[in-house]
Structure formats: structure tokens, C-alpha cells
Amino acid sequence: MFPLSKYTLLRLVLLTAMLVFAMADGRAQTTKVSGKIVDAISREPLPFVNVIFKGTNIGATSDVEGNFSMATEQKVDSIVISYVGYNKVTRVVKKGVAQTVNIGLSQGVDLVTVEVRPGENPAWRILRKIIANKDHNDREKLDYYEYEVYNKVEFDLNNISENFKDSKLMKPFSFIFDNIDSSNAKEKPYLPLFMTEALSDYYYRKNPQTHNEVIKASKVAGVQNASVSQFMGDMYQNVDIYENQILVLGKNFISPISDNALLFYKFYLIDSMTIDGHKCYQLQFKPKRKQELTFSGNLWAADTSFAIKQIEMSIAEDANINFINATNIVQTYTQVEDSTWMMQKERLVIDFNPFPIDNKKKPMMGVYGRKTASYSNFKINRPRPQKQYSLTENLVVDDDAFKKPESYWKEHRLDSLSRNEKEIYHMVDTLQTLPIYHTWVDVLQIFVSGYKVKGNFEYGPYYNILSYNEIEGTRLRFGGRTSNQFSKWYELSGYAAYGVRDEKFKYSLGFRAFISKKPRSMVGLYYKNDNEILGQSQNGFTTDNILASVFRIAPLRNLTNVKETYSFIDREWFTGFNTKLSFYNRQMMPLADFHYEYQKTSSETAYLDHITTSEIRLLARLAYNEKYVQGEFTRVALGVTKYPVIQAQYTLGVKNLFGGNYNYQKLTVNWDHRVRVAPIGYFDYVLEYGKIWGAVPYPLMEIHGGNETYIYDLYAYNAMNYYEFVSDEYASATFSHHFDGFFLNRIPLMRKLKWREVIGGKALIGKVSDKNRQLLNFPDHLSDLHTGPYFETSAGIENIFKVLRIDGVWRLSYLDNPRAIPFVIKASLQFNF
């Protein structure tokens, strides 16, 4: 040990102190940057954006919500943010401190296509491996899986102008504009209006295949309806990237990893990076052609397995779809148990706007729809008791789903709520206390349902109040039904009508009630004394609809007075299958110049005042996997099942039962199917067969539904007149193909119109047996199909002004019949995306 002088010791102390301060100073030089990256206009979070410290290879990628965080001890002074399709941004940062930097990226950069020769596009090789491994990576390959899913759906009003906020109509609602999210002058301000949350358990079994979802908690701002919760569940709102065709908004889009993706997309290899420990390839994809139902975006595929790790895509800007400014889909996947890739997070954002710009070329008010789903608690190939996997009830809402307290949501909610989202519940509750709010709701209710709600009663429908026909002249009608406020278990309804010309009253009274709601079982009893068109299609306007009066081709004279008693019991055995047992007693009496005439002898003609029938009917309907939105008493099918809808009805006519005049049996079988054939639209076809056993007069046979209005009827023969053809045995076929603009999109001058082509055809063959022909003499204008089938065909354009469809209909047979029209133009309104 050598002795140290005091000077040497002082130098060592100073040197040690300098080293300590230097080390401390080094530790203090860590630069940490975190923040959120959004679209500068829509303010939507941008996922998978690359952020790096300038001059280094240190960086991060934003998550599905646009958040990022990174740090370095190197000397840096700025960060670089880059994202395909957006302008690159460089931001100055402070050295050696933790800071938050939020960035709004603006669109404006397109990739330049680079042709590499020789050899193929390297992105194609990766894509082919993704496609080759789809079956292995798709979770549907598993025997069993389950997970917990949290769905959050929000609707926001956007493009809110100052004129709208200051208008007299909105004065009572001025307080809600305090909730407008507008933290940046560049952003597109929006007002949160509605939100729903649902927490579910989802179960899958491969053989036999079942998908079952149990919604165990649901919370809806202002609404407590099981159907809304079902619709927002994971089963109704699910985008499966591994399917060749992806159904979005009722339209079939080509998946960017479909088996034939190279026919519809251009692909570019952008980068490779490590995400959550997985080396991934980033591919950008763009549509090959304009206005096809395709996407543009980016995907990240894991090396070796070639499973999709992340994907971000938007509906192509010029896609032939209505009322949508933009749609963005973001999905992230995680590897579970080292073998299976499961979706971890999904975000779907749709910018709805019926009219994108006004006459001053300014953006008009629209609506954001946002869905966020988070998945957790994955269990792979762990079967549960078989009762958990129902082939029938695939979607169930627990009885206490709406009763969960806020403490439950705080504990189980997989995503926290923003300040604005929390305000939505309070705002909607406040709105419902305002009288003017109920006025607006009433106006919307009248427009959608035709009824005006007032306390315990609903008055309407308004479109039946005034009408006209040749028999009654001007017809006035007043009616309604009890409201949900009166009861959600039973409903009373009725109406009274008066014809100015015939000076007669008509009326109806009815009652229906639930026996149970789980399963759905209902009974009903109705009586009416009114005039109707025999054989009118199920889709036709009622005789007293004001539109039928205005758009009728010929005056309506062939009406029949019907006194009808009708009772039924309807039960849904499982979702998509129901049976209905009903009893009808009908007394039919011809009006005006029509008579029920028969040959009493070879030289003497006699007349029947009326015909009475008593029928027992059994109807069975199967619509497997059908999805619908349900009200308290009625529900509307969404038409998204890929399976045919099969319907069969057996009718037994009983003589002398409540005055019935005839014994007979009747069977009708109907097959209705929609086949989606992207990219060339979809094909609808309907097949029907009917037969009657026993002797019946022509009013009890199948009077085929004609259409004497200028409004196109999907279920009628649009070039056929009322009471033109009748059969006691028949078969019919109807088809239509909607091309969704497949041809017109390729014509430059037509492309911007976004018109869509539709073609169709209908065929009918039938006969009347000799015994039935002799019971009553056919009127002069009525006949059977004695010379062969009836044919008509049509071609038209739909999506004119987004809502109008115009068809030209050609009648191809029986052109020599009185009043036969070889060609007619008909129109209809339809609201489709």
C-alpha cells in the first residue's frame, strides 16, 4: 500500500466526481418520445406507421390505435414519420427528455410503380405463400376454440357547420355541441351521438360446425333492445380476411389474399420488420381496375408461417358503393399456444355521407360509424359439454345482460372509454328529457314505419289515409294499433274506411300476443270486411296505398269484397326455423260488373252471390343462419344468409265447417336463394311449385300475380295483368342478376355515374283440370296457360341518383291476349349501399 499525498487524494476525488457526474449526465441524455398518429383530416388513428429517430435505425411502429413509444441514448434531434399513401413528416424533438408528440399525417404520396426485370415481383412469391398457408393459418381449421370479445360501436355526426348549429331547429339541442371533438384546426370535427358496448363469450366447434355467441353484458346509450345487441355482437359484424369474398355493407368485396387476388390487385413489397418478436413482410396492395369492389392498404405477414400478423385496408376510393366516403378496417393477430393465429384487435370505421357535397361544393354533414373489438382469454381445442354448441340458437342474449352495473364494466371492459365516449351516455339521457327531441323522433318514426306514436296508441299508416279506385271512388281510412308503451306482450289493431262512390264502410279489428319470447311464440286473431285484389303478389301495394292509386296503369275495377276471420299460432323452434298453424274463414263476393257465373243447365246460366271457404293451413319456413333486426312484434331479415330460404305450406279446405263450400287440399313449396358471385355481383333465383287436389272454382285456385302499376314488383309478373291467368297446378321460376356495375364501370363516360346493370326473367307453366274448369265460368279476361308457358324478361339500370331503378320489361308470350302490352317501363325506389 502506497501512501497518498493530500494533493493526489484531492485529484482522485475530483476525478471520481467527474466520472460520477459524467455517468449521471449520460443517463440523463435518454431521449424518449411517445404520442399518437392520426389522419390529419378524419382524425382517425393510423396503425402500423413507421417512426424512427433521424439518422439511426432505432424506431417503432404505431399500434392499432395509432399510439407509439420509443427511446434512445444516442444524440438525436428529430424523428421521421412515414406511412404508405401519406406525406413523410419530420418533427424536431428535445434531447434527453421524455416528451409527447402527436402527429397528423396528410395524404398525398402515391407509390411509383417500378418494373423489375428479369424475374417476377418479389411480392408475388410472398403472396403465393400466404395463400398456400391460408387453410393452416385460418382458425376455422381448429376442432374447437373459444374467446371473450368486447365490442364497442359508436356513431358520430361530422362536418357540422356553424349554420347548422345556429339554426332554429337546433336551438333546443345547443348544449350537445359542447361535446364536439375538435382539438385541432385541421381535423374534421365530429359530435358523438350514440354508443353501444357488448361483452360476449364465443364458442366454435368444427364438426358438426357451430358458431355460438353468448352476449353476457350489453349497454346501449338510450336503447335497451336485444336485437341491437345481437347486431353489434361478434357474429353479425365480422370481417374474415381469410375468406375469398368479404361481405361488407351487403356487398361482396374481393379479399386481398383471396385465391385469385392477383387478378384484382397490384402488390408491392415495401419492407421487412420485426413485430412482437416475429419477422414480418410488409406488402402494399392496390386495385388493378377502377370501381371494382376491392380494397387498398397494407398487410404484414409473419415469416415461416406466412400468417397475417397485421392488416390495414380501406375500400377503394372509387368503388361502386353508395353513401360511403371512406371505410377503414384494421386487424391485428396474435399467436396462441405457439401454433394458432387468432385475431387480437379489430377496428372498423365507416364515414357515411348520403350526399358528399352540396351545390356549393362543400362537404355536407355525415356520420362516422366506428366499431372496435378486442379479443382475449383464448382457449384452443378444449371442448365443452355438447349442450354449449347449439345448432339452433347460435346467438343468445343473457336475461341480465342489460342489468350490469358500472362497476362490472370498469372491471371487464377491455378498452377504456374516452372522455367523449363517457359523455355520450349522459348526453343521450339529457336529450330524452327534451320535448323537441320526442318531436324529431316522432317525425322519423312516421317516415320509417308510417305510424305516428301518441302515448298508448300509434296512428296510421299514413300512406293508406287517402286513395282512389273505380269501385269506391275516393277512399278515406283511419286506423292504428297499440304502442309498446301500452304493452310489449300484446297488440290491438284496427281501421275503418269509407268509399265516397259506393257509400260503404269497411273495417278490420285484430289482436296478437306473445305466448313466450324465448322461444318466440305468438298467437293472433283478426277479422276484416274489405275489398282486395285476389292473387296480388306478397310484395304489391295494398289496394288503398296512395302510391298504387297514383301509379296505376289502368283503372282498378276488378275488386272482390272479402269478409275474413283469421287466427294463428306461430312458433320459432330455433333461429331461422318457424312453423305457423292458422285458420281462415273467407267469404268472397265479386263487385261491379263481375259475377260468379256457372252453367245450371246446358242452356241456362246462374250466379252465386258469394263463395265461402274454411281452411286450415300449416306453414314451415327454414332460413338457416338468417340474420335480422327485431322490434317488439315484428322483425326484418337482413338477407345475408348464404343458404336458400325454403318455405312449404299445406292447406286443407273443409266443407260445411263454418259455412265452407268445398273440400280440397293444396300444397305450395318455395325455394328462394341468393348466390354471390364476386366480382360480377349476385344472382337471385326463386323456384315455386303448387298443386290443388279436389274440385274448386277459379277464385280458390292460384290466380297468378300481375302488376298494373308503373312500379316494378320483384315478386309479380310485371307484364301480366290482374286476373289474367289461373292454375290449379303450376311451376314457376324467377331469376335476376345484379352486376353491380361490372360492365358500366369499364366505360369511361359512364363510370362516374356509378350506375349498375340488372337483368331478369320469369317463366310460368300451369294448367286447370277439366273438373275445376266446369264449376264456374271463367270471366272473359281470365284463362289458363293452355298454349304453353308464360315468359317475360327484363333489363334495367339501378342506382340512378343512388336510389332509382328503371326496368324495361318485355312480354314474350300470350301477346294476342286482350290488354296485353308487349313492352312496358317500370320504376322503383331502393336504398342499397
# chains A, B, ... in the order shown; residues from 1 in each chain; ligands from 1

$ residues_around --residues "stretch 753-758 of chain A" --least-positions-apart "2" --cutoff "7 Å" --atoms "only C-alpha atoms" --output "MDAnalysis selection string"
chainID A and resid 320 736:741 744 750:751 760 795:800

$ select_by_dssp --residues "stretch 45-150 of chain A" --states "strand (DSSP E)" --output "MDAnalysis selection string"
chainID A and resid 50:53 59:61 67:72 78:82 89:92 98:100 103:105 144:150

$ write_last_selection --atoms "C-alpha atoms" --output "PDB file, in the first residue's frame"
ATOM      1  CA  ASN A  50     -43.110   3.718 -39.099  1.00  0.00           C
ATOM      2  CA  VAL A  51     -41.444   6.181 -36.703  1.00  0.00           C
ATOM      3  CA  ILE A  52     -37.638   6.400 -36.383  1.00  0.00           C
ATOM      4  CA  PHE A  53     -35.073   8.714 -34.841  1.00  0.00           C
ATOM      5  CA  GLY A  59     -37.723   3.265 -34.181  1.00  0.00           C
ATOM      6  CA  ALA A  60     -41.175   1.900 -33.513  1.00  0.00           C
ATOM      7  CA  THR A  61     -44.459   1.111 -35.234  1.00  0.00           C
ATOM      8  CA  ASN A  67     -50.014   5.062 -30.335  1.00  0.00           C
ATOM      9  CA  PHE A  68     -46.231   4.685 -30.344  1.00  0.00           C
ATOM     10  CA  SER A  69     -43.338   4.938 -27.903  1.00  0.00           C
ATOM     11  CA  MET A  70     -39.539   4.709 -28.363  1.00  0.00           C
ATOM     12  CA  ALA A  71     -36.326   5.798 -26.664  1.00  0.00           C
ATOM     13  CA  THR A  72     -32.623   6.158 -27.399  1.00  0.00           C
ATOM     14  CA  SER A  78     -35.715  14.813 -34.717  1.00  0.00           C
ATOM     15  CA  ILE A  79     -37.979  11.917 -35.677  1.00  0.00           C
ATOM     16  CA  VAL A  80     -39.172  10.823 -39.120  1.00  0.00           C
ATOM     17  CA  ILE A  81     -42.712   9.523 -39.634  1.00  0.00           C
ATOM     18  CA  SER A  82     -43.531   7.625 -42.835  1.00  0.00           C
ATOM     19  CA  VAL A  89     -43.102  14.159 -41.842  1.00  0.00           C
ATOM     20  CA  THR A  90     -40.039  15.182 -39.819  1.00  0.00           C
ATOM     21  CA  ARG A  91     -40.532  16.605 -36.324  1.00  0.00           C
ATOM     22  CA  VAL A  92     -37.970  18.259 -34.016  1.00  0.00           C
ATOM     23  CA  ALA A  98     -39.374  12.362 -22.174  1.00  0.00           C
ATOM     24  CA  GLN A  99     -41.941  14.073 -24.361  1.00  0.00           C
ATOM     25  CA  THR A 100     -45.256  13.560 -26.140  1.00  0.00           C
ATOM     26  CA  ILE A 103     -48.777  13.845 -35.352  1.00  0.00           C
ATOM     27  CA  GLY A 104     -51.395  14.344 -38.032  1.00  0.00           C
ATOM     28  CA  LEU A 105     -50.413  12.908 -41.417  1.00  0.00           C
ATOM     29  CA  TYR A 144     -62.619 -26.172 -31.080  1.00  0.00           C
ATOM     30  CA  TYR A 145     -61.819 -22.657 -29.986  1.00  0.00           C
ATOM     31  CA  GLU A 146     -63.337 -20.009 -27.773  1.00  0.00           C
ATOM     32  CA  TYR A 147     -62.608 -16.479 -26.669  1.00  0.00           C
ATOM     33  CA  GLU A 148     -64.048 -13.461 -24.912  1.00  0.00           C
ATOM     34  CA  VAL A 149     -64.794 -10.458 -27.107  1.00  0.00           C
ATOM     35  CA  TYR A 150     -65.591  -6.855 -26.248  1.00  0.00           C
TER      36      TYR A 150
END

$ residues_around --residues "A:Asn207" --least-positions-apart "4" --cutoff "12 Å" --atoms "only C-alpha atoms" --output "PyMOL selection string"
chain A and resi 140-144+211+383+386+389-391

$ residues_around --residues "A:Arg552" --least-positions-apart "3" --cutoff "8 Å" --atoms "only C-alpha atoms" --output "tab-separated table (two decimals) with all heavy atoms, in the first residue's frame"
chain	number	residue	atom	x	y	z
A	548	ALA	N	-100.12	3.31	-55.10
A	548	ALA	CA	-100.79	2.44	-56.07
A	548	ALA	C	-101.85	3.22	-56.85
A	548	ALA	O	-102.06	2.99	-58.05
A	548	ALA	CB	-101.43	1.25	-55.36
A	549	SER	N	-102.51	4.15	-56.19
A	549	SER	CA	-103.52	4.97	-56.87
A	549	SER	C	-102.89	5.89	-57.90
A	549	SER	O	-103.42	6.08	-59.00
A	549	SER	CB	-104.30	5.80	-55.84
A	549	SER	OG	-104.93	4.96	-54.88
A	555	PRO	N	-107.40	1.81	-64.74
A	555	PRO	CA	-108.30	1.97	-63.60
A	555	PRO	C	-108.54	0.62	-62.92
A	555	PRO	O	-108.69	-0.41	-63.59
A	555	PRO	CB	-109.58	2.52	-64.23
A	555	PRO	CG	-109.15	3.14	-65.51
A	555	PRO	CD	-108.01	2.32	-65.99
A	556	LEU	N	-108.59	0.63	-61.60
A	556	LEU	CA	-108.77	-0.60	-60.83
A	556	LEU	C	-110.27	-0.87	-60.67
A	556	LEU	O	-110.99	-0.14	-59.98
A	556	LEU	CB	-108.10	-0.47	-59.46
A	556	LEU	CG	-108.22	-1.68	-58.54
A	556	LEU	CD1	-107.59	-2.91	-59.18
A	556	LEU	CD2	-107.58	-1.38	-57.18
A	708	GLU	N	-100.41	-4.04	-62.49
A	708	GLU	CA	-100.94	-2.99	-63.37
A	708	GLU	C	-100.57	-1.60	-62.87
A	708	GLU	O	-101.33	-0.65	-63.00
A	708	GLU	CB	-102.46	-3.13	-63.50
A	708	GLU	CG	-102.89	-4.40	-64.21
A	708	GLU	CD	-104.39	-4.46	-64.45
A	708	GLU	OE1	-105.07	-3.44	-64.24
A	708	GLU	OE2	-104.89	-5.53	-64.86
A	709	THR	N	-99.37	-1.50	-62.29
A	709	THR	CA	-98.85	-0.19	-61.90
A	709	THR	C	-97.54	0.05	-62.63
A	709	THR	O	-96.96	-0.86	-63.23
A	709	THR	CB	-98.62	-0.09	-60.38
A	709	THR	OG1	-97.47	-0.89	-60.04
A	709	THR	CG2	-99.83	-0.58	-59.60
A	710	TYR	N	-97.05	1.27	-62.55
A	710	TYR	CA	-95.75	1.60	-63.15
A	710	TYR	C	-94.60	1.32	-62.19
A	710	TYR	O	-93.45	1.67	-62.46
A	710	TYR	CB	-95.73	3.07	-63.57
A	710	TYR	CG	-96.56	3.36	-64.80
A	710	TYR	CD1	-97.78	4.03	-64.69
A	710	TYR	CD2	-96.14	2.95	-66.07
A	710	TYR	CE1	-98.55	4.29	-65.81
A	710	TYR	CE2	-96.91	3.21	-67.18
A	710	TYR	CZ	-98.11	3.88	-67.06
A	710	TYR	OH	-98.87	4.12	-68.18

$ residues_around --residues "A:Ser516" --least-positions-apart "5" --cutoff "9 Å" --atoms "only C-alpha atoms" --output "list in words"
Trp489, Ser521 and Met522 of chain A

$ closest_residue --among "A:Asn238, A:Thr651, A:Thr605, A:Asn663" --to "A:Tyr584" --atoms "only C-alpha atoms"
A:Thr651

$ closest_residue --among "A:Asn353, A:Gly705, A:Thr304, A:Glu154" --to "A:Phe833" --atoms "only C-alpha atoms"
A:Asn353

$ atom_distance --atom1 "atom CA of A:Phe514" --atom2 "atom CA of A:Glu632"
9.9 Å

$ atom_distance --atom1 "atom CA of A:Val696" --atom2 "atom CA of A:Asp770"
10.9 Å

$ closest_residue --among "A:Lys32, A:His412, A:Arg370, A:Lys504" --to "A:Val93" --atoms "only C-alpha atoms"
A:Lys32

$ residues_around --residues "stretch 327-336 of chain A" --least-positions-apart "4" --cutoff "7 Å" --atoms "only C-alpha atoms" --output "JSON, numbers by chain"
{"A": [64, 308, 309, 310, 311, 312, 313, 314, 315, 340, 341, 342, 343, 344, 345, 346, 347, 348, 349, 350, 351]}

$ residues_around --residues "A:Val448" --least-positions-apart "4" --cutoff "12 Å" --atoms "only C-alpha atoms" --output "PDB file with all heavy atoms, in the first residue's frame"
ATOM      1  N   VAL A 441     -88.114  12.482 -33.002  1.00  0.00           N
ATOM      2  CA  VAL A 441     -88.257  11.022 -33.024  1.00  0.00           C
ATOM      3  C   VAL A 441     -89.578  10.631 -33.681  1.00  0.00           C
ATOM      4  O   VAL A 441     -89.650   9.676 -34.461  1.00  0.00           O
ATOM      5  CB  VAL A 441     -88.158  10.450 -31.597  1.00  0.00           C
ATOM      6  CG1 VAL A 441     -88.540   8.968 -31.581  1.00  0.00           C
ATOM      7  CG2 VAL A 441     -86.755  10.637 -31.042  1.00  0.00           C
ATOM      8  N   ASP A 442     -90.637  11.396 -33.381  1.00  0.00           N
ATOM      9  CA  ASP A 442     -91.949  11.114 -33.982  1.00  0.00           C
ATOM     10  C   ASP A 442     -91.901  11.272 -35.496  1.00  0.00           C
ATOM     11  O   ASP A 442     -92.470  10.455 -36.232  1.00  0.00           O
ATOM     12  CB  ASP A 442     -93.009  12.049 -33.399  1.00  0.00           C
ATOM     13  CG  ASP A 442     -93.370  11.697 -31.963  1.00  0.00           C
ATOM     14  OD1 ASP A 442     -93.001  10.586 -31.534  1.00  0.00           O
ATOM     15  OD2 ASP A 442     -93.991  12.534 -31.291  1.00  0.00           O
ATOM     16  N   VAL A 443     -91.241  12.320 -35.969  1.00  0.00           N
ATOM     17  CA  VAL A 443     -91.141  12.541 -37.416  1.00  0.00           C
ATOM     18  C   VAL A 443     -90.405  11.379 -38.076  1.00  0.00           C
ATOM     19  O   VAL A 443     -90.828  10.868 -39.123  1.00  0.00           O
ATOM     20  CB  VAL A 443     -90.425  13.879 -37.706  1.00  0.00           C
ATOM     21  CG1 VAL A 443     -90.122  14.006 -39.199  1.00  0.00           C
ATOM     22  CG2 VAL A 443     -91.278  15.043 -37.231  1.00  0.00           C
ATOM     23  N   LEU A 444     -89.310  10.947 -37.474  1.00  0.00           N
ATOM     24  CA  LEU A 444     -88.545   9.822 -38.020  1.00  0.00           C
ATOM     25  C   LEU A 444     -89.372   8.544 -37.984  1.00  0.00           C
ATOM     26  O   LEU A 444     -89.363   7.753 -38.928  1.00  0.00           O
ATOM     27  CB  LEU A 444     -87.255   9.642 -37.222  1.00  0.00           C
ATOM     28  CG  LEU A 444     -86.295   8.558 -37.721  1.00  0.00           C
ATOM     29  CD1 LEU A 444     -85.821   8.861 -39.128  1.00  0.00           C
ATOM     30  CD2 LEU A 444     -85.119   8.417 -36.770  1.00  0.00           C
ATOM     31  N   LYS A 452     -97.734   7.328 -36.470  1.00  0.00           N
ATOM     32  CA  LYS A 452     -97.489   8.401 -35.516  1.00  0.00           C
ATOM     33  C   LYS A 452     -97.780   7.873 -34.112  1.00  0.00           C
ATOM     34  O   LYS A 452     -98.888   7.426 -33.809  1.00  0.00           O
ATOM     35  CB  LYS A 452     -98.401   9.594 -35.839  1.00  0.00           C
ATOM     36  CG  LYS A 452     -98.676  10.557 -34.679  1.00  0.00           C
ATOM     37  CD  LYS A 452     -97.453  11.354 -34.287  1.00  0.00           C
ATOM     38  CE  LYS A 452     -97.824  12.376 -33.190  1.00  0.00           C
ATOM     39  NZ  LYS A 452     -96.627  13.061 -32.666  1.00  0.00           N
ATOM     40  N   GLY A 460    -102.083   5.308 -37.952  1.00  0.00           N
ATOM     41  CA  GLY A 460    -101.540   5.101 -39.292  1.00  0.00           C
ATOM     42  C   GLY A 460    -102.049   3.810 -39.901  1.00  0.00           C
ATOM     43  O   GLY A 460    -103.023   3.210 -39.415  1.00  0.00           O
ATOM     44  N   PRO A 461    -101.361   3.364 -40.977  1.00  0.00           N
ATOM     45  CA  PRO A 461    -100.254   4.036 -41.655  1.00  0.00           C
ATOM     46  C   PRO A 461    -100.730   5.207 -42.511  1.00  0.00           C
ATOM     47  O   PRO A 461    -101.825   5.167 -43.080  1.00  0.00           O
ATOM     48  CB  PRO A 461     -99.637   2.941 -42.526  1.00  0.00           C
ATOM     49  CG  PRO A 461    -100.728   1.947 -42.732  1.00  0.00           C
ATOM     50  CD  PRO A 461    -101.624   2.013 -41.541  1.00  0.00           C
ATOM     51  N   TYR A 462     -99.907   6.237 -42.611  1.00  0.00           N
ATOM     52  CA  TYR A 462    -100.317   7.476 -43.256  1.00  0.00           C
ATOM     53  C   TYR A 462    -100.532   7.314 -44.751  1.00  0.00           C
ATOM     54  O   TYR A 462    -101.336   8.023 -45.351  1.00  0.00           O
ATOM     55  CB  TYR A 462     -99.280   8.581 -42.997  1.00  0.00           C
ATOM     56  CG  TYR A 462     -97.931   8.335 -43.627  1.00  0.00           C
ATOM     57  CD1 TYR A 462     -97.665   8.710 -44.936  1.00  0.00           C
ATOM     58  CD2 TYR A 462     -96.911   7.715 -42.907  1.00  0.00           C
ATOM     59  CE1 TYR A 462     -96.438   8.481 -45.518  1.00  0.00           C
ATOM     60  CE2 TYR A 462     -95.682   7.467 -43.493  1.00  0.00           C
ATOM     61  CZ  TYR A 462     -95.450   7.854 -44.790  1.00  0.00           C
ATOM     62  OH  TYR A 462     -94.235   7.609 -45.370  1.00  0.00           O
ATOM     63  N   TYR A 463     -99.824   6.348 -45.397  1.00  0.00           N
ATOM     64  CA  TYR A 463     -99.944   6.199 -46.846  1.00  0.00           C
ATOM     65  C   TYR A 463    -101.246   5.498 -47.258  1.00  0.00           C
ATOM     66  O   TYR A 463    -101.508   5.318 -48.434  1.00  0.00           O
ATOM     67  CB  TYR A 463     -98.737   5.447 -47.426  1.00  0.00           C
ATOM     68  CG  TYR A 463     -98.277   4.252 -46.613  1.00  0.00           C
ATOM     69  CD1 TYR A 463     -98.960   3.046 -46.659  1.00  0.00           C
ATOM     70  CD2 TYR A 463     -97.147   4.353 -45.802  1.00  0.00           C
ATOM     71  CE1 TYR A 463     -98.543   1.963 -45.916  1.00  0.00           C
ATOM     72  CE2 TYR A 463     -96.721   3.267 -45.057  1.00  0.00           C
ATOM     73  CZ  TYR A 463     -97.425   2.077 -45.117  1.00  0.00           C
ATOM     74  OH  TYR A 463     -97.003   1.006 -44.376  1.00  0.00           O
TER      75      TYR A 463
END

$ atom_distance --atom1 "atom CA of A:Val428" --atom2 "atom CA of A:Thr196"
11.9 Å

$ select_by_dssp --residues "stretch 343-474 of chain A" --states "helix (DSSP H, G or I)" --output "PyMOL selection string"
chain A and resi 386-388+401-403+406-412+419-431+435-449+462-464

$ closest_residue --among "A:Tyr203, A:Phe551, A:Tyr662, A:Phe505" --to "A:Lys379" --atoms "only C-alpha atoms"
A:Tyr203
